Every structure is written in structure tokens, then in C-alpha cells.
Amino acid sequence: MIYLLKPLCAVLPAAILMWFLYGRGKGLSISFKKVKWAFIWGIIACIVVLFSLGPFNPEVKNIFNILCFSAFPEELTKMAIMLVLLRRFRCSNLIDVLVICGSVGLGFACIENLLYVLQKSDWIITSITRAISSVPGHFSYAIIMGYFVYRAFNVVQTKKQKFFNLSIAFILPTLIHWNKNAFIKLSESNLRLLIVYIIPIVLLIIVLKILKKARKEAISKQQIISNDTVIE
């Protein structure tokens, strides 16, 4: 029974967020097949990062190592995949961009969580703590990336504005990710550890509101187009 519960507890947080993210297709103009492939590419990204950096990951943890061997390569790999997929899928609506980016983030979080939980003896505590920190964290970073990438290619006009938004799309999630990991690995204070779990929850609330607003706007546009078509 335990061999079924461990992987189930590991993938459940990502599955719940994935269900909410896709939202039964409401407001989306992209197919579920594209969303599925975005999730799969997120899994591939995680495997590539973990197995390529694993042999070089230093035993001594400091601020610099945490950046170089976790936050920076993980967010860079995810963003590169997002940009390729968004271009290939020709996503132009905000909700489409957010769903594709969020799917990449959840694919990454799902396989990372699975690998962590399966190798831990205290897997129940690990599952709970990662369900309220790491999984929502990766999901939130991806949505933040998607939001600023969308602005870079669909909202702002000048090259400087595009560069600024693309820079924020990468730098902001990386900094948050870096600080969270640093608190976890270097902090000996229970108060600081509490902050580690509060930050992902606050981020999750913010990005869920962004998703909700983007979905409503997309549905409204679809209704307007549908009404105009009927009138014609």
C-alpha cells in the first residue's frame, strides 16, 4: 500500500493545480494536446537539470552554490522551453500563455516532487512540506514568467520595454526561488522557515487571481466574437 501512497502523495499537488489551471478549457483557444505537451516538456526539463547538475552539485551549501545549482539553471531551462513552446503554439491570448507556462512549471514540479518523496524515509512530512512550498512555488514562478513574457510580446511596444519585461520574467522568479531555497538550506530559525512556507502561499494566491482575471477576459472576448458572428 505504501508503494502506491508515496507516488500518489507526490503527484497529487501538481495534479490539483493542473486541474485548476486548465479549468476544463474555459477561455482557452489552445487544445488540451498542447497543454499536455507543455506539461511533458516541463518533466523533461526537470530530468535534464537534475541529472546534468547532480554530479557537480557541491556538498557545501552557500548562497552562491544555491543560485548556481538550483534557482538559476532551473528557471533558465523552464523559460527557454516556454519561449519555444509559445512561439510554436502561436499563443497570443494571456490565458493561453499562462496555461502553457503554468503547465511547464507543474510538469517540472511534479517530477521533482516525485523524485524527492520517493527517496525519503519521512516521506509523509516531505510530501506535506513540499505540497505547500515547492510545488506552488514552481507553479507561481511559471505564471509570473508567462505574465511578463506576454507583456513583452503583446503589450509593450519599444525594444527597451520588451527587454525589460523579458528580464523581469526571468530575474524575478529566479530571485524568489533563490531566496526560498537559501532560507530552507541555510536557516536555523523556525521563524525564517515559517516565512519559507508563507511566501509560496502568498504567491499562489496572487497568481490564481491573475489566472482568474485572464480567464474572465478571454471568455468575455469569446462571447463578444460569438455575438458578432450571430448578428452578421
# chains A, B, ... in the order shown; residues from 1 in each chain; ligands from 1
call {"tool": "residues_around", "arguments": {"residues": "Val155 in chain A", "least_positions_apart": "5", "cutoff": "12 Å", "atoms": "only C-alpha atoms", "output": "ChimeraX atom specification"}}
result
/A:92-94,147-150,161-162,165
call {"tool": "residues_around", "arguments": {"residues": "Val207 in chain A", "least_positions_apart": "4", "cutoff": "7 Å", "atoms": "only C-alpha atoms", "output": "NGL selection string"}}
result
:A and (140 or 143 or 203 or 211)
call {"tool": "write_last_selection", "arguments": {"atoms": "C-alpha atoms", "output": "CSV table (one decimal), in the first residue's frame"}}
result
chain,number,residue,atom,x,y,z
A,140,SER,CA,3.9,30.6,-9.3
A,143,ILE,CA,2.9,32.1,-14.1
A,203,LEU,CA,2.5,33.9,-4.4
A,211,LEU,CA,-5.4,33.4,-13.9
call {"tool": "closest_residue", "arguments": {"among": "A:Val117, A:Leu83, A:Leu194, A:Ala218", "to": "Leu12 in chain A", "atoms": "only C-alpha atoms"}}
result
A:Val117
call {"tool": "select_by_dssp", "arguments": {"residues": "range 70-188 of chain A", "states": "alpha helix (DSSP H)", "output": "PyMOL selection string"}}
result
chain A and resi 72-89+94-118+123-131+134-154+159-186
call {"tool": "residues_around", "arguments": {"residues": "Arg151 in chain A", "least_positions_apart": "5", "cutoff": "12 Å", "atoms": "only C-alpha atoms", "output": "PyMOL selection string"}}
result
chain A and resi 92-94+97-98+144-146+156-158+161-169
call {"tool": "atom_distance", "arguments": {"atom1": "CA of Leu186 in chain A", "atom2": "CA of Ile124 in chain A"}}
result
22.5 Å
call {"tool": "closest_residue", "arguments": {"among": "A:Ala131, A:Ala142, A:Ile30, A:Ala45", "to": "Thr174 in chain A", "atoms": "only C-alpha atoms"}}
result
A:Ala142
call {"tool": "atom_distance", "arguments": {"atom1": "CA of Leu76 in chain A", "atom2": "CA of Ile171 in chain A"}}
result
9.5 Å
call {"tool": "residues_around", "arguments": {"residues": "Glu112 in chain A", "least_positions_apart": "2", "cutoff": "10 Å", "atoms": "only C-alpha atoms", "output": "MDAnalysis selection string"}}
result
chainID A and resid 10:11 43 46:47 50 106:110 114:117 134:135
call {"tool": "write_last_selection", "arguments": {"atoms": "N, CA, C and O atoms", "output": "compact mmCIF listing (two decimals), in the first residue's frame"}}
result
# COMPACT_ATOMS: atom_id res chain seq x y z
N ALA A 10 2.99 12.39 -3.93
CA ALA A 10 3.97 13.21 -4.62
C ALA A 10 3.37 13.96 -5.80
O ALA A 10 3.69 15.13 -6.03
N VAL A 11 2.50 13.30 -6.56
CA VAL A 11 1.96 13.92 -7.78
C VAL A 11 0.64 14.66 -7.55
O VAL A 11 0.23 15.46 -8.39
N ILE A 43 8.42 18.15 -17.48
CA ILE A 43 9.02 16.94 -16.90
C ILE A 43 10.42 16.72 -17.46
O ILE A 43 11.38 16.43 -16.73
N CYS A 46 12.97 19.10 -16.00
CA CYS A 46 13.39 18.72 -14.65
C CYS A 46 14.42 17.60 -14.69
O CYS A 46 15.44 17.65 -14.00
N ILE A 47 14.17 16.59 -15.51
CA ILE A 47 15.09 15.45 -15.62
C ILE A 47 16.45 15.92 -16.13
O ILE A 47 17.50 15.52 -15.61
N LEU A 50 18.23 18.03 -13.26
CA LEU A 50 18.65 17.23 -12.11
C LEU A 50 19.80 16.30 -12.44
O LEU A 50 20.76 16.18 -11.67
N LEU A 106 4.41 23.09 -13.74
CA LEU A 106 3.84 21.97 -12.99
C LEU A 106 4.45 20.63 -13.40
O LEU A 106 4.59 19.73 -12.57
N GLY A 107 4.80 20.50 -14.67
CA GLY A 107 5.50 19.29 -15.11
C GLY A 107 6.84 19.17 -14.40
O GLY A 107 7.21 18.08 -13.94
N PHE A 108 7.54 20.28 -14.31
CA PHE A 108 8.82 20.33 -13.60
C PHE A 108 8.61 19.98 -12.12
O PHE A 108 9.32 19.14 -11.56
N ALA A 109 7.63 20.62 -11.50
CA ALA A 109 7.37 20.41 -10.07
C ALA A 109 6.94 18.98 -9.78
O ALA A 109 7.33 18.41 -8.76
N CYS A 110 6.17 18.40 -10.68
CA CYS A 110 5.64 17.05 -10.46
C CYS A 110 6.75 16.01 -10.39
O CYS A 110 6.81 15.22 -9.44
N LEU A 114 8.22 14.03 -7.10
CA LEU A 114 8.20 12.57 -7.11
C LEU A 114 9.56 12.02 -6.72
O LEU A 114 9.66 11.09 -5.89
N LEU A 115 10.61 12.57 -7.31
CA LEU A 115 11.96 12.08 -7.01
C LEU A 115 12.35 12.35 -5.56
O LEU A 115 13.00 11.52 -4.93
N TYR A 116 11.96 13.49 -5.02
CA TYR A 116 12.27 13.82 -3.63
C TYR A 116 11.53 12.90 -2.67
O TYR A 116 12.11 12.37 -1.72
N VAL A 117 10.22 12.75 -2.88
CA VAL A 117 9.39 11.99 -1.95
C VAL A 117 9.77 10.51 -1.95
O VAL A 117 9.84 9.88 -0.89
N SER A 134 7.28 23.91 -2.40
CA SER A 134 7.96 23.73 -3.68
C SER A 134 7.02 23.67 -4.88
O SER A 134 7.26 24.33 -5.90
N VAL A 135 5.94 22.89 -4.77
CA VAL A 135 5.03 22.75 -5.92
C VAL A 135 4.32 24.07 -6.23
O VAL A 135 4.33 24.53 -7.38
call {"tool": "atom_distance", "arguments": {"atom1": "CA of Leu67 in chain A", "atom2": "CA of Trp178 in chain A"}}
result
5.7 Å
call {"tool": "closest_residue", "arguments": {"among": "A:Asn62, A:Ala15, A:Lys6, A:Val196", "to": "Lys120 in chain A", "atoms": "only C-alpha atoms"}}
result
A:Lys6
call {"tool": "decode", "arguments": {"residues": "range 21-35 of chain A", "atoms": "all heavy atoms", "output": "JSON list (two decimals), in the first residue's frame"}}
result
[["chain", "number", "residue", "atom", "x", "y", "z"],
["A", 21, "LEU", "N", -5.64, 24.89, -13.32],
["A", 21, "LEU", "CA", -5.03, 25.68, -14.38],
["A", 21, "LEU", "C", -5.77, 25.51, -15.70],
["A", 21, "LEU", "O", -6.10, 26.48, -16.38],
["A", 21, "LEU", "CB", -3.56, 25.28, -14.56],
["A", 21, "LEU", "CG", -2.80, 25.97, -15.69],
["A", 21, "LEU", "CD1", -2.63, 27.45, -15.38],
["A", 21, "LEU", "CD2", -1.42, 25.33, -15.86],
["A", 22, "TYR", "N", -6.02, 24.26, -16.07],
["A", 22, "TYR", "CA", -6.68, 24.02, -17.35],
["A", 22, "TYR", "C", -8.13, 24.47, -17.31],
["A", 22, "TYR", "O", -8.68, 24.95, -18.31],
["A", 22, "TYR", "CB", -6.60, 22.53, -17.73],
["A", 22, "TYR", "CG", -7.15, 22.25, -19.10],
["A", 22, "TYR", "CD1", -6.48, 22.71, -20.23],
["A", 22, "TYR", "CD2", -8.33, 21.54, -19.27],
["A", 22, "TYR", "CE1", -6.98, 22.46, -21.49],
["A", 22, "TYR", "CE2", -8.84, 21.29, -20.53],
["A", 22, "TYR", "CZ", -8.16, 21.75, -21.64],
["A", 22, "TYR", "OH", -8.66, 21.51, -22.89],
["A", 23, "GLY", "N", -8.77, 24.35, -16.15],
["A", 23, "GLY", "CA", -10.12, 24.87, -15.96],
["A", 23, "GLY", "C", -11.14, 24.36, -16.96],
["A", 23, "GLY", "O", -12.03, 25.09, -17.38],
["A", 24, "ARG", "N", -10.98, 23.08, -17.35],
["A", 24, "ARG", "CA", -11.91, 22.48, -18.31],
["A", 24, "ARG", "C", -11.97, 23.23, -19.63],
["A", 24, "ARG", "O", -12.98, 23.22, -20.34],
["A", 24, "ARG", "CB", -13.32, 22.38, -17.70],
["A", 24, "ARG", "CG", -13.37, 21.53, -16.44],
["A", 24, "ARG", "CD", -14.75, 21.53, -15.83],
["A", 24, "ARG", "NE", -14.77, 20.78, -14.59],
["A", 24, "ARG", "CZ", -15.85, 20.67, -13.81],
["A", 24, "ARG", "NH1", -16.98, 21.26, -14.15],
["A", 24, "ARG", "NH2", -15.80, 19.97, -12.69],
["A", 25, "GLY", "N", -10.90, 23.93, -19.95],
["A", 25, "GLY", "CA", -10.81, 24.61, -21.23],
["A", 25, "GLY", "C", -11.49, 25.96, -21.31],
["A", 25, "GLY", "O", -11.54, 26.56, -22.38],
["A", 26, "LYS", "N", -12.03, 26.46, -20.21],
["A", 26, "LYS", "CA", -12.76, 27.72, -20.25],
["A", 26, "LYS", "C", -11.84, 28.88, -20.63],
["A", 26, "LYS", "O", -10.82, 29.12, -20.00],
["A", 26, "LYS", "CB", -13.39, 28.00, -18.88],
["A", 26, "LYS", "CG", -14.50, 27.03, -18.50],
["A", 26, "LYS", "CD", -15.06, 27.35, -17.13],
["A", 26, "LYS", "CE", -16.16, 26.38, -16.75],
["A", 26, "LYS", "NZ", -16.69, 26.66, -15.40],
["A", 27, "GLY", "N", -12.24, 29.60, -21.68],
["A", 27, "GLY", "CA", -11.49, 30.76, -22.12],
["A", 27, "GLY", "C", -10.30, 30.46, -23.00],
["A", 27, "GLY", "O", -9.70, 31.37, -23.57],
["A", 28, "LEU", "N", -9.92, 29.20, -23.12],
["A", 28, "LEU", "CA", -8.73, 28.84, -23.90],
["A", 28, "LEU", "C", -9.04, 28.72, -25.38],
["A", 28, "LEU", "O", -10.12, 28.29, -25.77],
["A", 28, "LEU", "CB", -8.15, 27.51, -23.41],
["A", 28, "LEU", "CG", -7.61, 27.46, -21.97],
["A", 28, "LEU", "CD1", -7.13, 26.06, -21.65],
["A", 28, "LEU", "CD2", -6.50, 28.46, -21.78],
["A", 29, "SER", "N", -8.04, 29.09, -26.18],
["A", 29, "SER", "CA", -8.15, 28.88, -27.62],
["A", 29, "SER", "C", -7.15, 27.83, -28.09],
["A", 29, "SER", "O", -7.04, 27.55, -29.27],
["A", 29, "SER", "CB", -7.92, 30.19, -28.38],
["A", 29, "SER", "OG", -6.64, 30.73, -28.06],
["A", 30, "ILE", "N", -6.38, 27.28, -27.15],
["A", 30, "ILE", "CA", -5.42, 26.22, -27.47],
["A", 30, "ILE", "C", -6.01, 24.87, -27.07],
["A", 30, "ILE", "O", -6.87, 24.79, -26.19],
["A", 30, "ILE", "CB", -4.08, 26.44, -26.75],
["A", 30, "ILE", "CG1", -4.30, 26.59, -25.24],
["A", 30, "ILE", "CG2", -3.35, 27.63, -27.32],
["A", 30, "ILE", "CD1", -3.02, 26.66, -24.45],
["A", 31, "SER", "N", -5.54, 23.81, -27.71],
["A", 31, "SER", "CA", -6.06, 22.48, -27.45],
["A", 31, "SER", "C", -5.42, 21.87, -26.21],
["A", 31, "SER", "O", -4.33, 22.29, -25.79],
["A", 31, "SER", "CB", -5.79, 21.56, -28.65],
["A", 31, "SER", "OG", -4.39, 21.39, -28.83],
["A", 32, "PHE", "N", -6.09, 20.87, -25.65],
["A", 32, "PHE", "CA", -5.54, 20.16, -24.50],
["A", 32, "PHE", "C", -4.25, 19.44, -24.87],
["A", 32, "PHE", "O", -3.37, 19.26, -24.02],
["A", 32, "PHE", "CB", -6.56, 19.15, -23.96],
["A", 32, "PHE", "CG", -6.03, 18.36, -22.78],
["A", 32, "PHE", "CD1", -5.86, 18.96, -21.55],
["A", 32, "PHE", "CD2", -5.69, 17.02, -22.93],
["A", 32, "PHE", "CE1", -5.36, 18.24, -20.47],
["A", 32, "PHE", "CE2", -5.20, 16.30, -21.86],
["A", 32, "PHE", "CZ", -5.03, 16.91, -20.62],
["A", 33, "LYS", "N", -4.13, 19.04, -26.12],
["A", 33, "LYS", "CA", -2.91, 18.36, -26.59],
["A", 33, "LYS", "C", -1.69, 19.24, -26.38],
["A", 33, "LYS", "O", -0.62, 18.77, -25.95],
["A", 33, "LYS", "CB", -3.04, 18.00, -28.07],
["A", 33, "LYS", "CG", -1.84, 17.24, -28.63],
["A", 33, "LYS", "CD", -2.07, 16.89, -30.09],
["A", 33, "LYS", "CE", -0.86, 16.14, -30.65],
["A", 33, "LYS", "NZ", -1.06, 15.79, -32.08],
["A", 34, "LYS", "N", -1.82, 20.54, -26.65],
["A", 34, "LYS", "CA", -0.71, 21.47, -26.46],
["A", 34, "LYS", "C", -0.39, 21.66, -24.98],
["A", 34, "LYS", "O", 0.78, 21.76, -24.59],
["A", 34, "LYS", "CB", -1.04, 22.81, -27.11],
["A", 34, "LYS", "CG", -1.12, 22.75, -28.63],
["A", 34, "LYS", "CD", -1.50, 24.08, -29.23],
["A", 34, "LYS", "CE", -1.57, 24.00, -30.75],
["A", 34, "LYS", "NZ", -1.98, 25.28, -31.36],
["A", 35, "VAL", "N", -1.44, 21.69, -24.17],
["A", 35, "VAL", "CA", -1.24, 21.80, -22.72],
["A", 35, "VAL", "C", -0.52, 20.56, -22.20],
["A", 35, "VAL", "O", 0.39, 20.65, -21.37],
["A", 35, "VAL", "CB", -2.60, 21.96, -22.01],
["A", 35, "VAL", "CG1", -2.42, 22.00, -20.49],
["A", 35, "VAL", "CG2", -3.31, 23.23, -22.48]]
